$ cat upload_28.txt   # compact mmCIF, C-alpha atoms and all ligand atoms
# COMPACT_ATOMS: atom_id res chain seq x y z
CA MET A 116 -16.77 14.30 -12.77
CA SER A 117 -19.37 15.93 -10.58
CA SER A 118 -17.97 18.66 -8.36
CA SER A 119 -19.27 16.91 -5.24
CA LYS A 120 -16.81 14.09 -5.80
CA ARG A 121 -13.13 13.77 -4.94
CA GLY A 122 -10.52 11.32 -6.13
CA ALA A 123 -10.38 7.85 -4.59
CA PHE A 124 -7.43 6.74 -2.48
CA ILE A 125 -6.58 3.14 -3.37
CA VAL A 126 -3.84 1.14 -1.65
CA ILE A 127 -2.26 -2.10 -2.80
CA GLU A 128 -0.76 -4.22 -0.04
CA GLY A 129 0.65 -7.71 0.17
CA LEU A 130 3.73 -9.83 0.44
CA ASP A 131 6.89 -9.53 -1.62
CA ARG A 132 6.64 -11.26 -5.04
CA SER A 133 2.83 -11.08 -4.99
CA GLY A 134 2.82 -8.93 -8.14
CA LYS A 135 1.82 -5.70 -6.38
CA SER A 136 4.09 -3.36 -8.30
CA THR A 137 3.31 -4.96 -11.68
CA GLN A 138 -0.42 -4.70 -11.06
CA ALA A 139 -0.18 -1.19 -9.64
CA SER A 140 1.44 0.00 -12.83
CA LEU A 141 -1.06 -1.90 -15.05
CA LEU A 142 -3.88 -0.29 -13.10
CA HIS A 143 -2.24 3.11 -13.37
CA ASN A 144 -2.03 2.70 -17.16
CA ARG A 145 -5.60 1.53 -17.43
CA LEU A 146 -6.93 4.52 -15.51
CA GLN A 147 -4.68 6.82 -17.53
CA ASP A 148 -5.91 5.37 -20.84
CA LEU A 149 -9.52 5.84 -19.81
CA GLN A 150 -8.78 9.45 -19.10
CA ASP A 151 -6.99 9.92 -22.42
CA ALA A 152 -10.01 8.41 -24.15
CA GLY A 153 -12.10 11.22 -22.68
CA ALA A 154 -13.92 9.16 -20.08
CA THR A 155 -15.07 10.81 -16.89
CA THR A 156 -12.19 9.31 -14.94
CA PRO A 157 -10.13 11.85 -13.01
CA LYS A 158 -6.35 12.14 -13.20
CA VAL A 159 -4.34 9.44 -11.48
CA VAL A 160 -1.00 9.35 -9.64
CA LEU A 161 0.93 6.30 -8.50
CA LEU A 162 2.93 6.50 -5.27
CA LYS A 163 5.29 3.90 -3.88
CA PHE A 164 6.07 3.42 -0.20
CA PRO A 165 8.75 3.55 0.92
CA ASP A 166 9.42 6.56 -1.32
CA ARG A 167 13.18 6.13 -1.49
CA THR A 168 13.77 9.49 -3.22
CA THR A 169 13.34 11.76 -0.18
CA ALA A 170 15.98 12.37 2.52
CA ILE A 171 14.13 10.02 4.88
CA GLY A 172 13.62 7.57 2.01
CA LYS A 173 17.36 7.43 1.42
CA MET A 174 17.92 6.39 5.06
CA ILE A 175 15.29 3.69 4.64
CA ASP A 176 16.88 2.51 1.40
CA ALA A 177 20.30 2.19 3.05
CA TYR A 178 18.73 0.19 5.89
CA LEU A 179 16.88 -2.16 3.53
CA ARG A 180 20.05 -2.80 1.58
CA SER A 181 21.86 -3.53 4.89
CA GLU A 182 24.21 -0.60 4.39
CA SER A 183 23.16 0.73 7.78
CA GLU A 184 21.86 -0.66 11.05
CA LEU A 185 19.01 1.01 12.94
CA ASP A 186 17.06 0.25 16.07
CA ASP A 187 13.71 -1.42 15.22
CA HIS A 188 11.75 1.48 16.71
CA ALA A 189 13.80 4.06 14.83
CA ILE A 190 13.33 2.46 11.41
CA HIS A 191 9.62 2.00 12.12
CA LEU A 192 9.26 5.72 12.76
CA LEU A 193 11.24 6.57 9.62
CA PHE A 194 8.87 4.48 7.48
CA SER A 195 5.96 6.30 9.10
CA ALA A 196 7.61 9.72 8.66
CA ASN A 197 8.10 8.84 4.99
CA ARG A 198 4.30 8.62 4.71
CA TRP A 199 3.67 11.76 6.73
CA GLU A 200 5.96 13.77 4.47
CA LEU A 201 3.60 12.90 1.58
CA ALA A 202 0.31 13.11 3.51
CA SER A 203 -0.56 16.65 2.48
CA THR A 204 0.29 15.85 -1.16
CA ILE A 205 -2.09 12.88 -1.05
CA THR A 206 -4.88 14.96 0.45
CA ALA A 207 -4.36 17.74 -2.10
CA HIS A 208 -4.48 15.33 -5.04
CA LEU A 209 -7.69 13.74 -3.75
CA ALA A 210 -9.32 17.14 -3.26
CA GLN A 211 -8.49 18.02 -6.87
CA GLY A 212 -10.25 14.88 -8.05
CA THR A 213 -7.07 12.94 -8.74
CA ILE A 214 -7.05 9.22 -7.98
CA VAL A 215 -4.14 8.28 -5.72
CA LEU A 216 -2.79 4.74 -6.03
CA ALA A 217 -0.26 3.65 -3.42
CA ASP A 218 1.95 0.61 -3.72
CA ARG A 219 2.18 -0.28 0.03
CA TYR A 220 1.09 2.01 2.87
CA ALA A 221 0.64 2.08 6.66
CA PHE A 222 -0.43 -1.57 6.78
CA SER A 223 3.00 -2.70 5.56
CA GLY A 224 4.49 -0.44 8.21
CA ILE A 225 2.62 -2.24 10.98
CA ALA A 226 3.01 -5.75 9.53
CA PHE A 227 6.77 -5.69 9.08
CA SER A 228 7.54 -4.11 12.46
CA ALA A 229 5.04 -6.12 14.53
CA ARG A 230 6.53 -9.26 12.98
CA LYS A 231 9.81 -8.33 14.68
CA GLY A 232 8.07 -8.35 18.06
CA LEU A 233 7.25 -4.67 18.52
CA PRO A 234 3.81 -4.28 20.13
CA TYR A 235 0.98 -3.97 17.58
CA GLU A 236 -0.50 -0.88 19.23
CA TRP A 237 2.89 0.81 19.37
CA CYS A 238 3.37 0.12 15.66
CA ARG A 239 -0.05 1.50 14.79
CA ALA A 240 0.27 4.72 16.81
CA PRO A 241 2.38 6.83 14.39
CA GLU A 242 0.04 5.88 11.51
CA VAL A 243 -3.05 7.27 13.27
CA GLY A 244 -4.35 10.32 11.43
CA LEU A 245 -2.81 9.63 8.01
CA PRO A 246 -5.18 9.97 5.04
CA ALA A 247 -7.25 6.77 5.09
CA PRO A 248 -7.58 4.69 1.92
CA ASP A 249 -11.09 4.24 0.50
CA LEU A 250 -10.06 0.80 -0.68
CA THR A 251 -7.18 -1.50 0.24
CA LEU A 252 -6.45 -4.40 -2.10
CA PHE A 253 -4.58 -7.09 -0.24
CA PHE A 254 -2.62 -9.34 -2.58
CA ASN A 255 -2.93 -12.73 -1.04
CA ILE A 256 -0.34 -15.32 -1.99
CA SER A 257 1.12 -18.18 -0.03
CA PRO A 258 4.74 -17.49 0.95
CA GLU A 259 5.66 -20.79 -0.72
CA VAL A 260 4.14 -19.76 -4.08
CA ALA A 261 5.73 -16.31 -3.76
CA ALA A 262 9.12 -17.88 -3.05
CA ALA A 263 8.71 -20.18 -6.06
CA ARG A 264 8.24 -17.15 -8.38
CA GLY A 265 11.90 -16.85 -9.17
CA GLY A 266 12.96 -16.36 -5.59
CA TYR A 267 13.37 -13.30 -3.40
CA GLY A 268 15.92 -10.56 -3.84
CA LEU A 269 18.70 -9.60 -1.49
CA GLU A 270 16.96 -6.99 0.64
CA ARG A 271 16.52 -7.29 4.36
CA TYR A 272 13.00 -8.75 4.59
CA GLU A 273 13.13 -10.94 1.47
CA LYS A 274 13.13 -14.28 3.24
CA GLU A 275 10.39 -16.88 3.43
CA GLU A 276 10.36 -17.01 7.22
CA VAL A 277 9.93 -13.21 7.46
CA GLN A 278 7.17 -13.22 4.84
CA LYS A 279 5.27 -15.90 6.79
CA GLY A 280 5.29 -13.79 9.94
CA VAL A 281 4.32 -10.65 8.04
CA ARG A 282 1.38 -12.46 6.46
CA GLN A 283 0.02 -13.35 9.90
CA VAL A 284 0.06 -9.71 10.98
CA PHE A 285 -1.56 -8.65 7.68
CA ASP A 286 -4.42 -11.09 8.43
CA LYS A 287 -4.93 -9.42 11.79
CA ILE A 288 -4.82 -5.94 10.22
CA GLY A 289 -7.33 -6.93 7.51
CA ARG A 290 -9.80 -8.16 10.11
CA ALA A 291 -9.32 -5.02 12.21
CA VAL A 292 -9.78 -2.68 9.23
CA GLN A 293 -13.03 -4.41 8.29
CA GLU A 294 -14.39 -4.55 11.83
CA GLU A 295 -13.52 -0.93 12.55
CA GLY A 296 -14.90 0.27 9.19
CA GLU A 297 -11.58 1.87 8.20
CA GLY A 298 -12.33 1.79 4.48
CA LYS A 299 -12.80 -1.35 2.47
CA TRP A 300 -10.31 -4.25 2.57
CA VAL A 301 -10.55 -6.59 -0.41
CA GLU A 302 -8.48 -9.72 -0.83
CA ILE A 303 -7.14 -10.40 -4.30
CA ASP A 304 -6.05 -13.93 -5.18
CA ALA A 305 -2.55 -13.05 -6.41
CA GLY A 306 -1.68 -16.66 -7.18
CA LYS A 307 -3.63 -16.43 -10.47
CA ASN A 308 -2.08 -15.29 -13.75
CA LYS A 309 -1.40 -11.66 -14.56
CA GLU A 310 -4.50 -11.08 -16.70
CA GLU A 311 -6.84 -12.72 -14.21
CA VAL A 312 -5.43 -10.70 -11.33
CA ALA A 313 -5.76 -7.50 -13.38
CA GLU A 314 -9.44 -8.27 -14.02
CA GLU A 315 -10.15 -9.05 -10.38
CA LEU A 316 -8.45 -5.80 -9.43
CA TRP A 317 -10.43 -3.81 -11.97
CA LYS A 318 -13.74 -5.17 -10.66
CA ALA A 319 -12.89 -3.77 -7.26
CA VAL A 320 -11.53 -0.45 -8.53
CA GLU A 321 -14.01 0.46 -11.28
CA PRO A 322 -16.83 1.58 -8.94
CA LEU A 323 -14.45 4.18 -7.45
CA ALA A 324 -12.80 5.28 -10.68
CA SER A 325 -15.13 8.19 -11.38
CA GLY A 326 -14.61 9.62 -7.91
CA VAL A 327 -16.04 9.15 -4.43
CA LYS A 328 -18.26 11.25 -2.21
CA GLY A 329 -17.43 12.68 1.19
CA SER A 330 -14.23 14.00 2.68
CA VAL A 331 -11.07 11.95 3.13
CA SER A 332 -11.11 10.23 6.49
CA LYS A 333 -8.16 9.86 8.79
CA LEU A 334 -6.76 6.48 9.60
CA TRP A 335 -7.90 5.14 12.99
CA GLU A 336 -9.22 8.48 14.20
P1 LIG B 1 9.43 -2.66 -1.34
O1 LIG B 1 10.04 -4.00 -1.63
O2 LIG B 1 7.95 -2.60 -1.68
O3 LIG B 1 10.21 -1.50 -1.90
O4 LIG B 1 9.47 -2.47 0.24
N1 LIG B 1 8.29 -1.93 4.62
C1 LIG B 1 7.59 -1.12 3.77
C2 LIG B 1 8.29 -1.73 5.98
O5 LIG B 1 8.94 -2.45 6.73
N2 LIG B 1 7.57 -0.70 6.50
C3 LIG B 1 6.84 0.15 5.70
O6 LIG B 1 6.20 1.08 6.21
C4 LIG B 1 6.85 -0.07 4.27
C5 LIG B 1 6.08 0.83 3.38
C6 LIG B 1 8.39 -3.94 3.13
C7 LIG B 1 10.65 -2.58 0.91
C8 LIG B 1 10.48 -3.31 2.21
O7 LIG B 1 10.09 -2.40 3.24
C9 LIG B 1 9.09 -2.99 4.05
C10 LIG B 1 9.44 -4.42 2.19
MG MG B 2 10.84 -5.63 -2.10
$ encode --input "upload_28.txt" --output "structure tokens"
Amino acid sequence: MSSSKRGAFIVIEGLDRSGKSTQASLLHNRLQDLQDAGATTPKVVLLKFPDRTTAIGKMIDAYLRSESELDDHAIHLLFSANRWELASTITAHLAQGTIVLADRYAFSGIAFSARKGLPYEWCRAPEVGLPAPDLTLFFNISPEVAAARGGYGLERYEKEEVQKGVRQVFDKIGRAVQEEGEGKWVEIDAGKNKEEVAEELWKAVEPLASGVKGSVSKLWE
């Protein structure tokens, strides 16, 4: 890797049951294998938001499992704080040439809270200034197809009606990201089979795999 390059920050977003986590780990393995094979690909780390292992993450986990109740604004800010507590880690990895993959990020934060009726701008505000992804892969799947994939789990937002509302906000966010030039937003047809989705994903990721030029930008700043 040339010294003028840093690692790419790649985010996977989408609805529940769209195959995000499966594909994130396939992609992680693929990038890892390339590196093991001595290719010029930098190191790669996979993050998951919410990160339920931190103190804040444990509060979020309890909320999602309906073990606690929290005001909509309060939980929104906890999700955002859970990203901020990892922001400097993300930036440091990227500077060292490490690829950072994130399974969900700020866009999920906005989509799930705005769906509840909190103002879009209010939801976006605490995310302003976070490390901005170079590429966001939005896993597009109809809520009906997602629901048909063996059904949702028992967590708070795992209901078809919630997912439909969230999808509408994601559409708005995708348009805004593209119009405002906040990194690239690519839609992946997540209704296809696992191998096809993995290939579509790889086509979008490969150009960034050997690193990207320029400093990490800040989201919406
Ligand atoms: P997982 O099923 O991916 O663990 O997510 N969520 C997520 C929010 O409401 N705000 C956020 O900022 C993030 C990252 C999406 C658990 C649920 O939490 C929602 C589903
Ligand atoms: Mg889930």
$ residues_near_ligand --input "upload_28.txt" --ligand "ligand LIG 1 (chain B)" --cutoff "10 Å" --atoms "all atoms listed in the file" --output "PyMOL selection string"
chain A and resi 128-132+135-136+163-167+175-176+178-180+187+190-198+217-231+238+242+268+270-273+278+281
$ closest_residue --input "upload_28.txt" --among "A:Gly134, A:Gly122, A:Pro258, A:Gly172" --to "ligand MG 2 (chain B)" --atoms "all atoms listed in the file"
A:Gly134
$ closest_residue --input "upload_28.txt" --among "A:Ile288, A:Ile171, A:Ala202, A:Ala210" --to "A:Ser119" --atoms "only C-alpha atoms"
A:Ala210
$ atom_distance --input "upload_28.txt" --atom1 "atom CA of A:Asp304" --atom2 "atom CA of A:Ala291"
19.8 Å
$ closest_residue --input "upload_28.txt" --among "A:Leu269, A:Val327, A:Val126, A:Val284" --to "ligand MG 2 (chain B)" --atoms "only C-alpha atoms and all ligand atoms"
A:Leu269
$ closest_residue --input "upload_28.txt" --among "A:Phe124, A:Trp300, A:Trp237, A:Tyr267" --to "A:Phe253" --atoms "all atoms listed in the file"
A:Trp300
$ atom_distance --input "upload_28.txt" --atom1 "atom CA of A:Ser203" --atom2 "atom CA of A:Asn255"
29.7 Å
$ closest_residue --input "upload_28.txt" --among "A:Ile214, A:Ser133, A:Val292, A:Leu141" --to "ligand MG 2 (chain B)" --atoms "all atoms listed in the file"
A:Ser133
$ atom_distance --input "upload_28.txt" --atom1 "atom CA of A:Ala305" --atom2 "atom CA of A:Ile256"
5.4 Å
$ build_atoms --input "upload_28.txt" --residues "stretch 157-186 of chain A" --atoms "N, CA and C atoms" --output "PDB file, in the frame of the given file"
ATOM      1  N   PRO A 157     -11.054  10.759 -13.353  1.00  0.00           N
ATOM      2  CA  PRO A 157     -10.130  11.850 -13.010  1.00  0.00           C
ATOM      3  C   PRO A 157      -8.671  11.451 -13.257  1.00  0.00           C
ATOM      4  N   LYS A 158      -7.784  12.406 -13.073  1.00  0.00           N
ATOM      5  CA  LYS A 158      -6.350  12.140 -13.200  1.00  0.00           C
ATOM      6  C   LYS A 158      -5.917  11.095 -12.172  1.00  0.00           C
ATOM      7  N   VAL A 159      -4.801  10.479 -12.392  1.00  0.00           N
ATOM      8  CA  VAL A 159      -4.340   9.440 -11.480  1.00  0.00           C
ATOM      9  C   VAL A 159      -2.839   9.562 -11.234  1.00  0.00           C
ATOM     10  N   VAL A 160      -2.432   9.394  -9.966  1.00  0.00           N
ATOM     11  CA  VAL A 160      -1.000   9.350  -9.640  1.00  0.00           C
ATOM     12  C   VAL A 160      -0.705   8.036  -8.922  1.00  0.00           C
ATOM     13  N   LEU A 161       0.496   7.539  -9.148  1.00  0.00           N
ATOM     14  CA  LEU A 161       0.930   6.300  -8.500  1.00  0.00           C
ATOM     15  C   LEU A 161       2.077   6.614  -7.551  1.00  0.00           C
ATOM     16  N   LEU A 162       1.871   6.313  -6.257  1.00  0.00           N
ATOM     17  CA  LEU A 162       2.930   6.500  -5.270  1.00  0.00           C
ATOM     18  C   LEU A 162       3.450   5.150  -4.832  1.00  0.00           C
ATOM     19  N   LYS A 163       4.692   5.155  -4.346  1.00  0.00           N
ATOM     20  CA  LYS A 163       5.290   3.900  -3.880  1.00  0.00           C
ATOM     21  C   LYS A 163       5.867   4.154  -2.502  1.00  0.00           C
ATOM     22  N   PHE A 164       5.472   3.332  -1.533  1.00  0.00           N
ATOM     23  CA  PHE A 164       6.070   3.420  -0.200  1.00  0.00           C
ATOM     24  C   PHE A 164       6.883   2.174   0.096  1.00  0.00           C
ATOM     25  N   PRO A 165       8.104   2.276   0.628  1.00  0.00           N
ATOM     26  CA  PRO A 165       8.750   3.550   0.920  1.00  0.00           C
ATOM     27  C   PRO A 165       9.065   4.335  -0.346  1.00  0.00           C
ATOM     28  N   ASP A 166       8.954   5.686  -0.249  1.00  0.00           N
ATOM     29  CA  ASP A 166       9.420   6.560  -1.320  1.00  0.00           C
ATOM     30  C   ASP A 166      10.902   6.810  -1.042  1.00  0.00           C
ATOM     31  N   ARG A 167      11.744   6.124  -1.784  1.00  0.00           N
ATOM     32  CA  ARG A 167      13.180   6.130  -1.490  1.00  0.00           C
ATOM     33  C   ARG A 167      13.881   7.385  -1.994  1.00  0.00           C
ATOM     34  N   THR A 168      13.121   8.311  -2.635  1.00  0.00           N
ATOM     35  CA  THR A 168      13.770   9.490  -3.220  1.00  0.00           C
ATOM     36  C   THR A 168      13.967  10.634  -2.225  1.00  0.00           C
ATOM     37  N   THR A 169      13.225  10.645  -1.126  1.00  0.00           N
ATOM     38  CA  THR A 169      13.340  11.760  -0.180  1.00  0.00           C
ATOM     39  C   THR A 169      14.537  11.512   0.750  1.00  0.00           C
ATOM     40  N   ALA A 170      14.862  12.526   1.581  1.00  0.00           N
ATOM     41  CA  ALA A 170      15.980  12.370   2.520  1.00  0.00           C
ATOM     42  C   ALA A 170      15.709  11.200   3.480  1.00  0.00           C
ATOM     43  N   ILE A 171      14.496  11.128   3.979  1.00  0.00           N
ATOM     44  CA  ILE A 171      14.130  10.020   4.880  1.00  0.00           C
ATOM     45  C   ILE A 171      14.159   8.705   4.093  1.00  0.00           C
ATOM     46  N   GLY A 172      13.641   8.753   2.869  1.00  0.00           N
ATOM     47  CA  GLY A 172      13.620   7.570   2.010  1.00  0.00           C
ATOM     48  C   GLY A 172      15.013   7.013   1.741  1.00  0.00           C
ATOM     49  N   LYS A 173      15.985   7.899   1.659  1.00  0.00           N
ATOM     50  CA  LYS A 173      17.360   7.430   1.420  1.00  0.00           C
ATOM     51  C   LYS A 173      17.903   6.677   2.642  1.00  0.00           C
ATOM     52  N   MET A 174      17.509   7.117   3.836  1.00  0.00           N
ATOM     53  CA  MET A 174      17.920   6.390   5.060  1.00  0.00           C
ATOM     54  C   MET A 174      17.271   5.007   5.083  1.00  0.00           C
ATOM     55  N   ILE A 175      16.006   4.960   4.680  1.00  0.00           N
ATOM     56  CA  ILE A 175      15.290   3.690   4.640  1.00  0.00           C
ATOM     57  C   ILE A 175      15.930   2.742   3.617  1.00  0.00           C
ATOM     58  N   ASP A 176      16.268   3.303   2.469  1.00  0.00           N
ATOM     59  CA  ASP A 176      16.880   2.510   1.400  1.00  0.00           C
ATOM     60  C   ASP A 176      18.201   1.889   1.878  1.00  0.00           C
ATOM     61  N   ALA A 177      19.013   2.696   2.556  1.00  0.00           N
ATOM     62  CA  ALA A 177      20.300   2.190   3.050  1.00  0.00           C
ATOM     63  C   ALA A 177      20.077   1.054   4.054  1.00  0.00           C
ATOM     64  N   TYR A 178      19.059   1.232   4.903  1.00  0.00           N
ATOM     65  CA  TYR A 178      18.730   0.190   5.890  1.00  0.00           C
ATOM     66  C   TYR A 178      18.287  -1.091   5.197  1.00  0.00           C
ATOM     67  N   LEU A 179      17.405  -0.967   4.202  1.00  0.00           N
ATOM     68  CA  LEU A 179      16.880  -2.160   3.530  1.00  0.00           C
ATOM     69  C   LEU A 179      17.984  -2.909   2.783  1.00  0.00           C
ATOM     70  N   ARG A 180      18.959  -2.140   2.294  1.00  0.00           N
ATOM     71  CA  ARG A 180      20.050  -2.800   1.580  1.00  0.00           C
ATOM     72  C   ARG A 180      21.194  -3.211   2.526  1.00  0.00           C
ATOM     73  N   SER A 181      20.901  -3.142   3.842  1.00  0.00           N
ATOM     74  CA  SER A 181      21.860  -3.530   4.890  1.00  0.00           C
ATOM     75  C   SER A 181      23.158  -2.724   4.840  1.00  0.00           C
ATOM     76  N   GLU A 182      23.037  -1.487   4.357  1.00  0.00           N
ATOM     77  CA  GLU A 182      24.210  -0.600   4.390  1.00  0.00           C
ATOM     78  C   GLU A 182      24.253   0.169   5.697  1.00  0.00           C
ATOM     79  N   SER A 183      23.151   0.111   6.456  1.00  0.00           N
ATOM     80  CA  SER A 183      23.160   0.730   7.780  1.00  0.00           C
ATOM     81  C   SER A 183      22.346  -0.138   8.725  1.00  0.00           C
ATOM     82  N   GLU A 184      22.621   0.032  10.015  1.00  0.00           N
ATOM     83  CA  GLU A 184      21.860  -0.660  11.050  1.00  0.00           C
ATOM     84  C   GLU A 184      21.060   0.394  11.802  1.00  0.00           C
ATOM     85  N   LEU A 185      19.831   0.081  12.164  1.00  0.00           N
ATOM     86  CA  LEU A 185      19.010   1.010  12.940  1.00  0.00           C
ATOM     87  C   LEU A 185      18.189   0.224  13.941  1.00  0.00           C
ATOM     88  N   ASP A 186      17.946   0.842  15.075  1.00  0.00           N
ATOM     89  CA  ASP A 186      17.060   0.250  16.070  1.00  0.00           C
ATOM     90  C   ASP A 186      15.678   0.021  15.436  1.00  0.00           C
TER      91      ASP A 186
END
